[in-house]
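K.L.:
I am sharing model-v3.cif, which consists of mmCIF, C-alpha atoms:
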```cif
data_run
#
loop_
_atom_site.label_atom_id
_atom_site.label_comp_id
_atom_site.auth_asym_id
_atom_site.auth_seq_id
_atom_site.Cartn_x
_atom_site.Cartn_y
_atom_site.Cartn_z
CA MET A 1 -29.47 160.63 127.46
CA LYS A 2 -31.45 159.98 130.64
CA SER A 3 -33.33 163.21 130.04
CA LYS A 4 -34.44 162.05 126.57
CA VAL A 5 -35.52 158.63 127.91
CA THR A 6 -37.53 160.33 130.63
CA LYS A 7 -39.22 162.61 128.11
CA TYR A 8 -40.09 159.68 125.84
CA PHE A 9 -41.40 157.70 128.81
CA VAL A 10 -43.58 160.62 129.99
CA PHE A 11 -44.82 161.14 126.44
CA LEU A 12 -45.68 157.44 126.16
CA ILE A 13 -47.58 157.51 129.45
CA LEU A 14 -49.54 160.60 128.37
CA LEU A 15 -50.31 158.97 125.04
CA VAL A 16 -51.62 155.82 126.74
CA ILE A 17 -53.74 157.90 129.14
CA THR A 18 -55.13 159.95 126.25
CA ILE A 19 -56.02 156.86 124.20
CA ALA A 20 -57.57 155.18 127.26
CA GLY A 21 -59.55 158.33 128.04
CA LEU A 22 -60.88 158.61 124.50
CA TYR A 23 -61.78 154.92 124.52
CA TYR A 24 -63.65 155.33 127.82
CA LEU A 25 -65.54 158.42 126.68
CA ASN A 26 -66.82 156.55 123.63
CA LEU A 27 -68.16 153.65 125.67
CA SER A 28 -71.90 153.30 126.26
CA ASN A 29 -73.25 154.05 129.72
CA ARG A 30 -73.61 150.31 130.31
CA HIS A 31 -70.02 149.51 129.37
CA LYS A 32 -68.69 152.40 131.43
CA ALA A 33 -70.48 150.90 134.44
CA ILE A 34 -68.96 147.48 133.74
CA LEU A 35 -65.44 148.93 133.55
CA LYS A 36 -65.81 151.11 136.65
CA THR A 37 -67.25 148.23 138.68
CA TYR A 38 -64.47 145.89 137.60
CA LEU A 39 -61.71 148.38 138.45
CA SER A 40 -63.21 149.43 141.80
CA HIS A 41 -63.44 145.78 142.86
CA LYS A 42 -60.10 144.69 141.41
CA LEU A 43 -58.23 147.59 143.04
CA GLY A 44 -60.05 147.17 146.35
CA ILE A 45 -61.47 150.70 146.27
CA VAL A 46 -64.77 149.36 147.64
CA ASP A 47 -65.79 146.12 149.35
CA ASN A 48 -65.35 143.42 146.71
CA THR A 49 -66.44 140.40 148.76
CA TRP A 50 -69.64 138.38 148.82
CA HIS A 51 -71.10 137.79 152.27
CA ILE A 52 -73.00 134.50 152.24
CA THR A 53 -74.97 133.07 155.16
CA SER A 54 -76.56 129.62 155.01
CA LYS A 55 -79.36 128.51 157.30
CA GLU A 56 -81.43 125.35 157.52
CA ASN A 57 -84.12 126.58 155.12
CA SER A 58 -82.58 129.58 153.40
CA ILE A 59 -79.45 131.18 152.03
CA SER A 60 -78.59 134.89 152.04
CA LEU A 61 -76.15 136.41 149.56
CA ILE A 62 -75.02 140.01 150.06
CA THR A 63 -73.23 141.48 147.08
CA PRO A 64 -70.02 143.48 146.90
CA THR A 65 -70.47 147.25 146.87
CA MET A 66 -71.77 148.82 143.65
CA ILE A 67 -71.20 152.53 143.02
CA ILE A 68 -73.98 154.60 141.48
CA ASP A 69 -72.63 157.81 139.97
CA ASN A 70 -74.97 158.45 137.07
CA ILE A 71 -78.45 157.92 135.71
CA TYR A 72 -78.70 154.23 134.90
CA LYS A 73 -81.73 152.97 133.04
CA SER A 74 -82.62 149.30 132.81
CA MET A 75 -79.72 147.08 131.71
CA GLU A 76 -77.19 149.91 132.19
CA GLY A 77 -76.23 149.99 135.87
CA PRO A 78 -73.36 148.34 137.76
CA GLN A 79 -73.89 144.62 138.23
CA VAL A 80 -72.22 141.64 139.89
CA ILE A 81 -72.42 137.91 139.24
CA LYS A 82 -71.83 134.88 141.44
CA PRO A 83 -71.94 131.11 140.94
CA PHE A 84 -73.02 129.42 144.18
CA GLN A 85 -74.50 126.33 145.82
CA LEU A 86 -77.17 126.13 148.50
CA ASN A 87 -75.03 123.72 150.53
CA SER A 88 -71.80 122.38 149.05
CA THR A 89 -71.30 119.86 151.89
CA LYS A 90 -74.42 117.81 151.09
CA SER A 91 -76.18 116.29 148.10
CA ASP A 92 -79.73 116.28 149.43
CA LEU A 93 -82.80 116.82 147.30
CA ILE A 94 -84.48 120.06 148.39
CA TRP A 95 -87.23 122.32 147.05
CA ILE A 96 -86.73 126.02 146.30
CA THR A 97 -89.93 127.82 147.26
CA SER A 98 -89.26 131.57 147.62
CA PHE A 99 -87.11 134.46 146.40
CA GLU A 100 -86.39 137.95 147.71
CA THR A 101 -84.06 140.78 146.76
CA LYS A 102 -83.62 144.16 148.44
CA ALA A 103 -81.30 147.13 148.30
CA ILE A 104 -79.22 147.88 151.40
CA ASN A 105 -76.52 150.39 152.32
CA LYS A 106 -72.81 149.59 152.05
CA ASN A 107 -72.58 148.88 155.80
CA GLU A 108 -75.27 146.19 155.42
CA ASP A 109 -77.25 147.52 158.38
CA ARG A 110 -80.07 149.43 156.70
CA GLU A 111 -82.52 148.73 153.90
CA ILE A 112 -82.76 151.48 151.30
CA SER A 113 -85.08 152.20 148.37
CA ASN A 114 -85.74 149.35 145.98
CA ASP A 115 -85.62 151.97 143.22
CA PHE A 116 -81.96 150.89 143.02
CA ILE A 117 -82.84 147.36 141.92
CA CYS A 118 -82.97 146.77 138.19
CA HIS A 119 -83.29 143.00 138.34
CA THR A 120 -81.95 139.93 140.11
CA ASN A 121 -81.69 136.79 137.99
CA ILE A 122 -81.12 133.28 139.31
CA ASP A 123 -80.24 130.61 136.77
CA PHE A 124 -79.50 126.90 136.94
CA TYR A 125 -77.04 124.97 134.80
CA ASP A 126 -79.34 122.90 132.61
CA GLY A 127 -76.64 120.39 131.67
CA GLU A 128 -75.99 119.53 135.30
CA HIS A 129 -79.60 119.86 136.47
CA TYR A 130 -81.28 117.77 133.78
CA GLY A 131 -78.31 115.42 133.53
CA ARG A 132 -78.82 114.31 137.13
CA TRP A 133 -82.38 113.30 136.31
CA GLY A 134 -81.68 111.68 132.95
CA LEU A 135 -83.57 114.42 131.10
CA ASN A 136 -80.84 115.15 128.57
CA HIS A 137 -83.35 115.97 125.83
CA ARG A 138 -84.13 119.21 127.70
CA ILE A 139 -80.56 120.49 127.67
CA GLY A 140 -80.13 123.60 125.54
CA ILE A 141 -83.80 123.83 124.59
CA GLN A 142 -84.67 126.91 126.66
CA TYR A 143 -82.66 129.43 128.65
CA PRO A 144 -82.36 127.96 132.18
CA ARG A 145 -83.78 130.91 134.10
CA LEU A 146 -85.04 129.88 137.52
CA ALA A 147 -86.29 133.24 138.77
CA THR A 148 -86.24 136.97 138.14
CA MET A 149 -87.04 139.66 140.68
CA THR A 150 -87.31 143.21 139.53
CA SER A 151 -88.17 146.72 140.66
CA GLY A 152 -91.84 146.53 141.64
CA ILE A 153 -91.81 142.78 142.35
CA GLU A 154 -88.88 142.19 144.68
CA SER A 155 -90.13 138.99 146.33
CA TYR A 156 -92.52 136.11 145.80
CA LYS A 157 -93.28 132.61 147.01
CA PHE A 158 -94.59 129.61 145.13
CA PRO A 159 -98.05 128.32 146.10
CA LYS A 160 -98.13 125.82 148.96
CA GLY A 161 -97.04 122.33 147.96
CA PHE A 162 -95.06 123.47 144.90
CA GLY A 163 -91.37 124.12 144.37
CA PHE A 164 -88.37 123.77 142.10
CA PRO A 165 -86.37 120.61 142.96
CA VAL A 166 -82.57 120.89 143.13
CA PHE A 167 -79.81 119.06 144.92
CA SER A 168 -78.19 121.08 147.69
CA ASN A 169 -74.74 120.95 146.05
CA GLU A 170 -76.08 121.77 142.59
CA ASN A 171 -74.51 124.80 140.91
CA LEU A 172 -76.66 127.91 140.54
CA PHE A 173 -75.85 131.33 139.12
CA LEU A 174 -76.80 134.79 140.39
CA ALA A 175 -76.65 138.10 138.51
CA THR A 176 -77.99 141.31 140.03
CA GLN A 177 -77.95 144.83 138.59
CA THR A 178 -78.55 148.32 139.94
CA LEU A 179 -80.86 151.03 138.64
CA ASN A 180 -81.09 154.80 139.05
CA HIS A 181 -83.76 156.74 137.19
CA ASN A 182 -83.90 159.89 139.27
CA ILE A 183 -80.83 160.96 141.28
CA ILE A 184 -78.50 163.27 139.35
CA GLY A 185 -75.14 164.69 140.46
CA GLU A 186 -74.56 162.38 143.42
CA THR A 187 -72.29 159.40 143.97
CA PHE A 188 -73.32 156.75 146.46
CA SER A 189 -72.93 153.05 147.17
CA VAL A 190 -75.46 150.23 147.35
CA LYS A 191 -75.51 146.51 147.90
CA HIS A 192 -78.17 143.93 147.13
CA GLU A 193 -79.23 141.25 149.57
CA ILE A 194 -80.72 138.15 147.95
CA ASN A 195 -82.57 135.54 149.99
CA ILE A 196 -83.62 132.15 148.65
CA GLY A 197 -85.96 129.97 150.69
CA PHE A 198 -86.17 126.20 150.38
CA GLU A 199 -87.67 123.16 152.10
CA LYS A 200 -86.48 119.66 152.81
CA HIS A 201 -87.66 116.99 150.40
CA GLN A 202 -91.24 115.88 150.93
CA LYS A 203 -92.90 113.22 148.81
CA ASN A 204 -96.09 115.23 148.33
CA MET A 205 -94.32 118.23 146.80
CA LYS A 206 -95.12 118.98 143.15
CA PRO A 207 -92.32 120.12 140.81
CA LEU A 208 -92.50 123.29 138.74
CA THR A 209 -90.65 124.04 135.54
CA SER A 210 -89.89 127.60 134.45
CA LYS A 211 -90.78 129.14 131.10
CA SER A 212 -89.61 132.61 130.06
CA VAL A 213 -91.85 134.45 127.58
CA MET A 214 -91.54 138.04 126.40
CA ILE A 215 -92.78 140.72 124.08
CA VAL A 216 -90.52 140.77 121.02
CA LEU A 217 -90.93 143.17 118.12
CA PRO A 218 -89.44 142.99 114.61
CA TYR A 219 -86.74 145.30 113.32
CA ASN A 220 -84.68 145.56 110.16
CA PRO A 221 -81.18 144.15 110.87
CA GLU A 222 -79.79 145.93 107.81
CA ASN A 223 -80.96 149.29 109.11
CA PRO A 224 -81.87 148.57 112.75
CA PHE A 225 -82.23 152.12 114.04
CA SER A 226 -84.59 153.34 111.36
CA GLY A 227 -87.49 152.43 113.64
CA PRO A 228 -91.12 152.26 112.49
CA THR A 229 -91.70 153.70 109.04
CA THR A 230 -94.74 154.32 106.87
CA GLU A 231 -93.88 151.21 104.88
CA ASN A 232 -93.16 149.13 108.00
CA PRO A 233 -95.27 150.52 110.87
CA ASN A 234 -94.82 147.33 112.94
CA MET A 235 -91.04 147.68 113.10
CA CYS A 236 -89.55 148.68 116.46
CA LEU A 237 -86.55 150.82 117.33
CA PRO A 238 -84.23 148.50 119.30
CA ILE A 239 -82.13 149.87 122.15
CA GLU A 240 -79.19 147.90 120.77
CA THR A 241 -78.65 144.88 118.56
CA LYS A 242 -76.06 142.89 120.53
CA ASN A 243 -78.33 141.97 123.45
CA HIS A 244 -81.96 140.82 123.50
CA SER A 245 -82.05 140.25 119.75
CA TYR A 246 -83.56 137.04 118.44
CA THR A 247 -84.03 135.42 115.05
CA TYR A 248 -86.74 132.79 115.11
CA LYS A 249 -87.65 130.09 112.62
CA ASP A 250 -89.65 132.61 110.58
CA GLY A 251 -86.34 134.26 109.68
CA ILE A 252 -87.39 137.64 111.11
CA THR A 253 -85.14 139.45 113.59
CA TYR A 254 -86.80 140.65 116.79
CA SER A 255 -85.82 142.77 119.77
CA GLY A 256 -86.95 142.28 123.36
CA HIS A 257 -85.64 145.73 124.42
CA TRP A 258 -86.99 148.62 122.40
CA VAL A 259 -87.91 152.30 122.43
CA ILE A 260 -91.37 153.57 123.31
CA PHE A 261 -92.33 157.06 122.22
CA PRO A 262 -94.36 159.60 124.25
CA GLY A 263 -98.03 158.69 124.57
CA LYS A 264 -100.02 155.46 124.78
CA ALA A 265 -99.27 152.28 122.83
CA ILE A 266 -100.23 148.60 122.63
CA TYR A 267 -97.81 145.81 121.70
CA LYS A 268 -98.64 142.16 121.01
CA THR A 269 -96.52 139.03 120.58
CA ASP A 270 -97.55 135.45 119.88
CA ILE A 271 -95.67 133.36 122.48
CA THR A 272 -96.87 129.89 121.49
CA ASP A 273 -93.40 128.87 120.28
CA GLN A 274 -91.76 130.45 123.32
CA LEU A 275 -93.90 128.35 125.67
CA GLN A 276 -93.01 125.08 123.89
CA LEU A 277 -95.89 123.13 125.39
CA SER A 278 -95.50 119.47 124.46
CA GLU A 279 -98.55 118.42 126.49
CA ASN A 280 -101.41 119.89 128.48
CA THR A 281 -100.43 121.18 131.90
CA THR A 282 -101.32 123.70 134.60
CA LEU A 283 -99.80 127.12 135.28
CA HIS A 284 -99.29 127.93 138.97
CA HIS A 285 -97.13 131.05 139.20
CA ILE A 286 -96.24 134.09 137.09
CA ALA A 287 -93.65 136.73 137.97
CA THR A 288 -93.71 139.73 135.64
CA HIS A 289 -90.84 141.97 134.54
CA LEU A 290 -91.75 145.43 133.23
CA HIS A 291 -90.15 148.82 132.79
CA PRO A 292 -91.47 152.23 133.87
CA PHE A 293 -94.41 153.59 131.88
CA SER A 294 -95.94 150.11 131.57
CA GLU A 295 -99.61 149.85 132.51
CA THR A 296 -100.58 146.21 132.04
CA LEU A 297 -99.23 142.98 130.60
CA ALA A 298 -101.88 140.41 129.74
CA PHE A 299 -101.46 136.68 129.11
CA ARG A 300 -104.10 135.54 126.63
CA ASP A 301 -105.34 132.30 125.14
CA LYS A 302 -105.87 133.28 121.49
CA THR A 303 -107.61 130.02 120.62
CA ILE A 304 -110.57 130.70 122.89
CA ASP A 305 -110.13 134.50 122.89
CA SER A 306 -109.73 134.63 126.67
CA THR A 307 -107.49 136.67 128.98
CA LEU A 308 -105.99 134.30 131.55
CA PHE A 309 -104.13 136.83 133.70
CA ILE A 310 -103.41 140.57 133.68
CA SER A 311 -100.38 141.91 135.53
CA THR A 312 -100.84 145.56 136.54
CA ALA A 313 -97.97 148.00 137.01
CA LYS A 314 -98.21 150.96 139.40
CA ASN A 315 -95.85 153.78 138.44
CA HIS A 316 -94.55 156.41 140.84
CA VAL A 317 -96.29 159.75 140.38
CA ASN A 318 -93.48 162.18 141.24
CA LYS A 319 -90.54 160.25 139.81
CA ILE A 320 -89.68 157.61 137.24
CA GLY A 321 -90.00 154.07 138.50
CA LEU A 322 -92.34 151.22 139.35
CA LYS A 323 -93.95 151.04 142.77
CA GLU A 324 -95.58 147.63 142.33
CA ILE A 325 -96.18 144.90 139.77
CA THR A 326 -98.88 142.33 140.50
CA TYR A 327 -98.18 138.61 140.05
CA PHE A 328 -100.13 135.35 139.84
CA SER A 329 -99.94 132.44 142.28
CA SER A 330 -102.41 129.58 142.60
CA GLU A 331 -102.51 126.04 143.96
CA ASP A 332 -105.32 125.14 141.54
CA GLY A 333 -103.58 126.78 138.59
CA ILE A 334 -104.72 127.63 135.07
CA LYS A 335 -105.12 124.88 132.49
CA LEU A 336 -102.87 125.28 129.44
CA TYR A 337 -103.24 123.24 126.24
CA SER A 338 -100.52 122.16 123.85
CA ASN A 339 -102.75 122.76 120.81
CA HIS A 340 -103.76 126.33 121.79
CA LYS A 341 -102.21 129.62 120.70
CA TYR A 342 -101.08 132.12 123.34
CA GLU A 343 -100.01 135.76 123.31
CA LEU A 344 -98.82 138.64 125.48
CA VAL A 345 -100.45 142.06 125.18
CA LEU A 346 -98.64 145.06 126.65
CA LYS A 347 -100.17 148.48 127.26
CA THR A 348 -97.86 151.43 127.92
CA ASN A 349 -98.32 155.13 128.60
CA ASN A 350 -95.15 157.17 128.25
CA THR A 351 -96.10 160.31 130.15
CA SER A 352 -92.63 161.84 129.84
CA ASN A 353 -91.57 164.17 127.06
CA ALA A 354 -88.80 161.84 125.92
CA ASN A 355 -88.36 158.40 124.42
CA GLN A 356 -88.04 155.63 126.99
CA ASP A 357 -86.88 152.01 126.91
CA MET A 358 -89.18 149.04 127.40
CA MET A 359 -89.05 145.33 128.18
CA ALA A 360 -92.00 143.11 129.08
CA SER A 361 -91.74 139.47 130.07
CA MET A 362 -93.37 136.84 132.22
CA PHE A 363 -91.58 134.08 134.09
CA MET A 364 -94.08 131.26 134.22
CA PHE A 365 -93.93 128.21 136.46
CA LEU A 366 -95.84 125.17 135.20
CA TYR A 367 -96.48 121.77 136.74
CA ASP A 368 -93.73 119.46 135.51
CA LYS A 369 -95.28 116.03 134.95
CA GLU A 370 -92.13 114.51 133.49
CA MET A 371 -90.04 115.62 136.46
CA ASP A 372 -92.74 114.38 138.84
CA GLU A 373 -92.39 110.89 137.39
CA LYS A 374 -88.62 111.05 137.89
CA ILE A 375 -89.07 112.12 141.52
CA LYS A 376 -91.52 109.28 142.18
CA LYS A 377 -88.85 106.84 140.99
CA TYR A 378 -86.30 108.67 143.16
CA ASN A 379 -88.61 108.26 146.17
CA GLN A 380 -89.06 104.56 145.45
CA LYS A 381 -85.31 104.03 145.10
CA THR A 382 -84.63 105.98 148.28
CA ASN A 383 -87.11 103.84 150.21
CA GLU A 384 -85.50 100.68 148.93
CA THR A 385 -82.02 101.73 150.03
CA SER A 386 -82.99 103.29 153.38
#
```
So, in terms of structure tokens, how does the structure I just supplied come out?

P.N.:
Amino acid sequence: MKSKVTKYFVFLILLVITIAGLYYLNLSNRHKAILKTYLSHKLGIVDNTWHITSKENSISLITPTMIIDNIYKSMEGPQVIKPFQLNSTKSDLIWITSFETKAINKNEDREISNDFICHTNIDFYDGEHYGRWGLNHRIGIQYPRLATMTSGIESYKFPKGFGFPVFSNENLFLATQTLNHNIIGETFSVKHEINIGFEKHQKNMKPLTSKSVMIVLPYNPENPFSGPTTENPNMCLPIETKNHSYTYKDGITYSGHWVIFPGKAIYKTDITDQLQLSENTTLHHIATHLHPFSETLAFRDKTIDSTLFISTAKNHVNKIGLKEITYFSSEDGIKLYSNHKYELVLKTNNTSNANQDMMASMFMFLYDKEMDEKIKKYNQKTNETS
């Protein structure tokens, strides 16, 4: 009897392993990375802790270990996420002014190639952030992205006198993902170190608000992977339909992550609705996110037929990857008008012999007049109670 029970038990275990193995093999590269990262951290196979160091004007967050064991294109590699606060023991108004991310080894004692950085996103919780200032009409209007650093633009600082105002105990959210375009047949570990700089509250600081705009291209949701056709040459071939797909008020479905074919191409998107400019303002900083084989991403004022800024991407020559992406930063800024039309224009040159994936976005930081008025009232109230 015991022998039969043992046989059934062994058979059941083998069946479970077989089913699990088949399930795993059918996962996408991205979902395999998610599962492997989760298990390696949960089982303690690698360092699964965050190492956080707070200083007077900065905070450093070093991630748990992430294992790279495959080619991981953008949006595919192992990633980790972390809610955090700049200083949970205080509720002081401070100004975030700079961001940096870098790849380091698992021992945290040596910087390694930034080729292993896909992107580092820092978000705020718009319900909490705007709720504290009585700006509830902003909640849920736009994705609350504070900053994105990416391969080719791993650090930047706002122009002098500008910043993003937060309270020190306000909740923020960090997500950082690895990348590997070139190393095949090796398994190695990386960590990311993220540094956020901030300053104490000063009455002459000017607040910035973030706007995320991107190239989006239409596709047919009923047959999404048909790609461009003779009848519909403007259709794109999306990488997938679950992420980075958007349906706007025109009823058309768009993708912000699509396939580019070998050779040169130009893509355009009207971003007027993405900007959501309710009044005239000034633009003071742009951080650009691009993928390999990008050449330039231009921000244009269609109304006056003028190019306001061109971000240039420098690709590696002997491997896939971005060496540098230029960004915009100015105290004087660029005047933007609520009644103008704006667009992004992307130029790519896929010099490989295979299809590649593409994303192109700009994270814009505009002078926030409405928030400035709130801060002036905050200053007045603080003076009265001090």

K.L.:
For the provided coordinates, the residues matched by the PyMOL selection byres ((chain A and resi 75) around 10) should be stated as number ranges by chain.

P.N.:
A: 29-30, 72-74, 76-79, 118-119, 177-179, 243, 257, 357

K.L.:
When the PyMOL selection byres ((chain A and resi 161) around 7) is applied to the file above, which residues end up in the set, as JSON, numbers by chain?

P.N.:
{"A": [159, 160, 162, 163, 205, 206]}

K.L.:
Restricted to C-alpha atoms, what would the selected residues look like written as a short mmCIF file (atom, residue, chain, number, x, y, z; two decimals), in the frame of the given file?

P.N.:
```cif
data_model
loop_
_atom_site.label_atom_id
_atom_site.label_comp_id
_atom_site.auth_asym_id
_atom_site.auth_seq_id
_atom_site.Cartn_x
_atom_site.Cartn_y
_atom_site.Cartn_z
CA PRO A 159 -98.05 128.32 146.10
CA LYS A 160 -98.13 125.82 148.96
CA PHE A 162 -95.06 123.47 144.90
CA GLY A 163 -91.37 124.12 144.37
CA MET A 205 -94.32 118.23 146.80
CA LYS A 206 -95.12 118.98 143.15
#
```

K.L.:
With the PyMOL selection byres ((chain A and resi 218-235) around 8) as the selection, what would be picked from this file? Answer as a compact mmCIF listing (two decimals) with C-alpha atoms, in the frame of the given file, please.

P.N.:
```
# COMPACT_ATOMS: atom_id res chain seq x y z
CA VAL A 216 -90.52 140.77 121.02
CA LEU A 217 -90.93 143.17 118.12
CA CYS A 236 -89.55 148.68 116.46
CA LEU A 237 -86.55 150.82 117.33
CA PRO A 238 -84.23 148.50 119.30
CA THR A 241 -78.65 144.88 118.56
CA ILE A 252 -87.39 137.64 111.11
CA THR A 253 -85.14 139.45 113.59
CA TYR A 254 -86.80 140.65 116.79
CA SER A 255 -85.82 142.77 119.77
```

K.L.:
Go ahead and find all residues with at least one atom no further than 12 Å from (-102.4, 148.0, 139.6) in the file's coordinates, using only C-alpha atoms; report them as an NGL selection string.

P.N.:
:A and (152 or 294-297 or 310-316 or 322-327)

K.L.:
I'd like the interatomic distance between CA of Met362 in chain A and CA of Trp50 in chain A, to a tenth of an Å.

P.N.:
29.0 Å

K.L.:
Using only C-alpha atoms, determine which residues lie at most 10 Å from Thr281 in chain A, disregarding the query and same-chain residues fewer than 5 positions distant; provide the list as a PyMOL selection string.

P.N.:
chain A and resi 333-338+366-369

K.L.:
Rounded to one decimal place, report the CA of Leu61 in chain A-CA of Asn48 in chain A distance in Å.

P.N.:
13.2 Å

K.L.:
Here is a test: counting only C-alpha atoms, which residue of A:Ile304, A:Leu346, A:Met371, A:Ala360 is nearest to Lys268 in chain A?

P.N.:
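Of A:Ile304, A:Leu346, A:Met371, A:Ala360, the one nearest Lys268 in chain A, counting only C-alpha atoms, is A:Leu346.
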
K.L.:
Within 7 Å of Ile71 in chain A, counting only C-alpha atoms, which residues show up once you throw out same-chain ones fewer than 4 positions away? Write them as a count of residues only, please.

P.N.:
5

K.L.:
Which residue out of A:Phe198, A:Tyr130, A:Tyr125, A:Phe188 has the minimum interatomic distance to Ser54 in chain A when all atoms listed in the file are used?

P.N.:
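Among the listed residues, A:Phe198 lies closest to Ser54 in chain A.
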
K.L.:
If you count all atoms listed in the file, which residues fall within 12 Å of Lys376 in chain A, apart from same-chain ones fewer than 4 positions away, as a count of residues only?

P.N.:
16

K.L.:
Taking only C-alpha atoms into account, name the residue in A:Glu170, A:Glu108, A:Glu186, A:Asp92 that is nearest to Asp126 in chain A.

P.N.:
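Going through A:Glu170, A:Glu108, A:Glu186, A:Asp92 one by one, the smallest distance to Asp126 in chain A is for A:Glu170.
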
K.L.:
Using all atoms listed in the file, find the one residue out of A:Thr18, A:Thr288, A:Ser212, A:Asn107 that sits nearest to Glu193 in chain A.

P.N.:
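For Glu193 in chain A, the nearest of the given residues is A:Asn107.
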
K.L.:
I'd like the interatomic distance between CA of Asn355 in chain A and CA of Lys36 in chain A, to a tenth of an Å.

P.N.:
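That distance, rounded to one decimal, is 26.7 Å.
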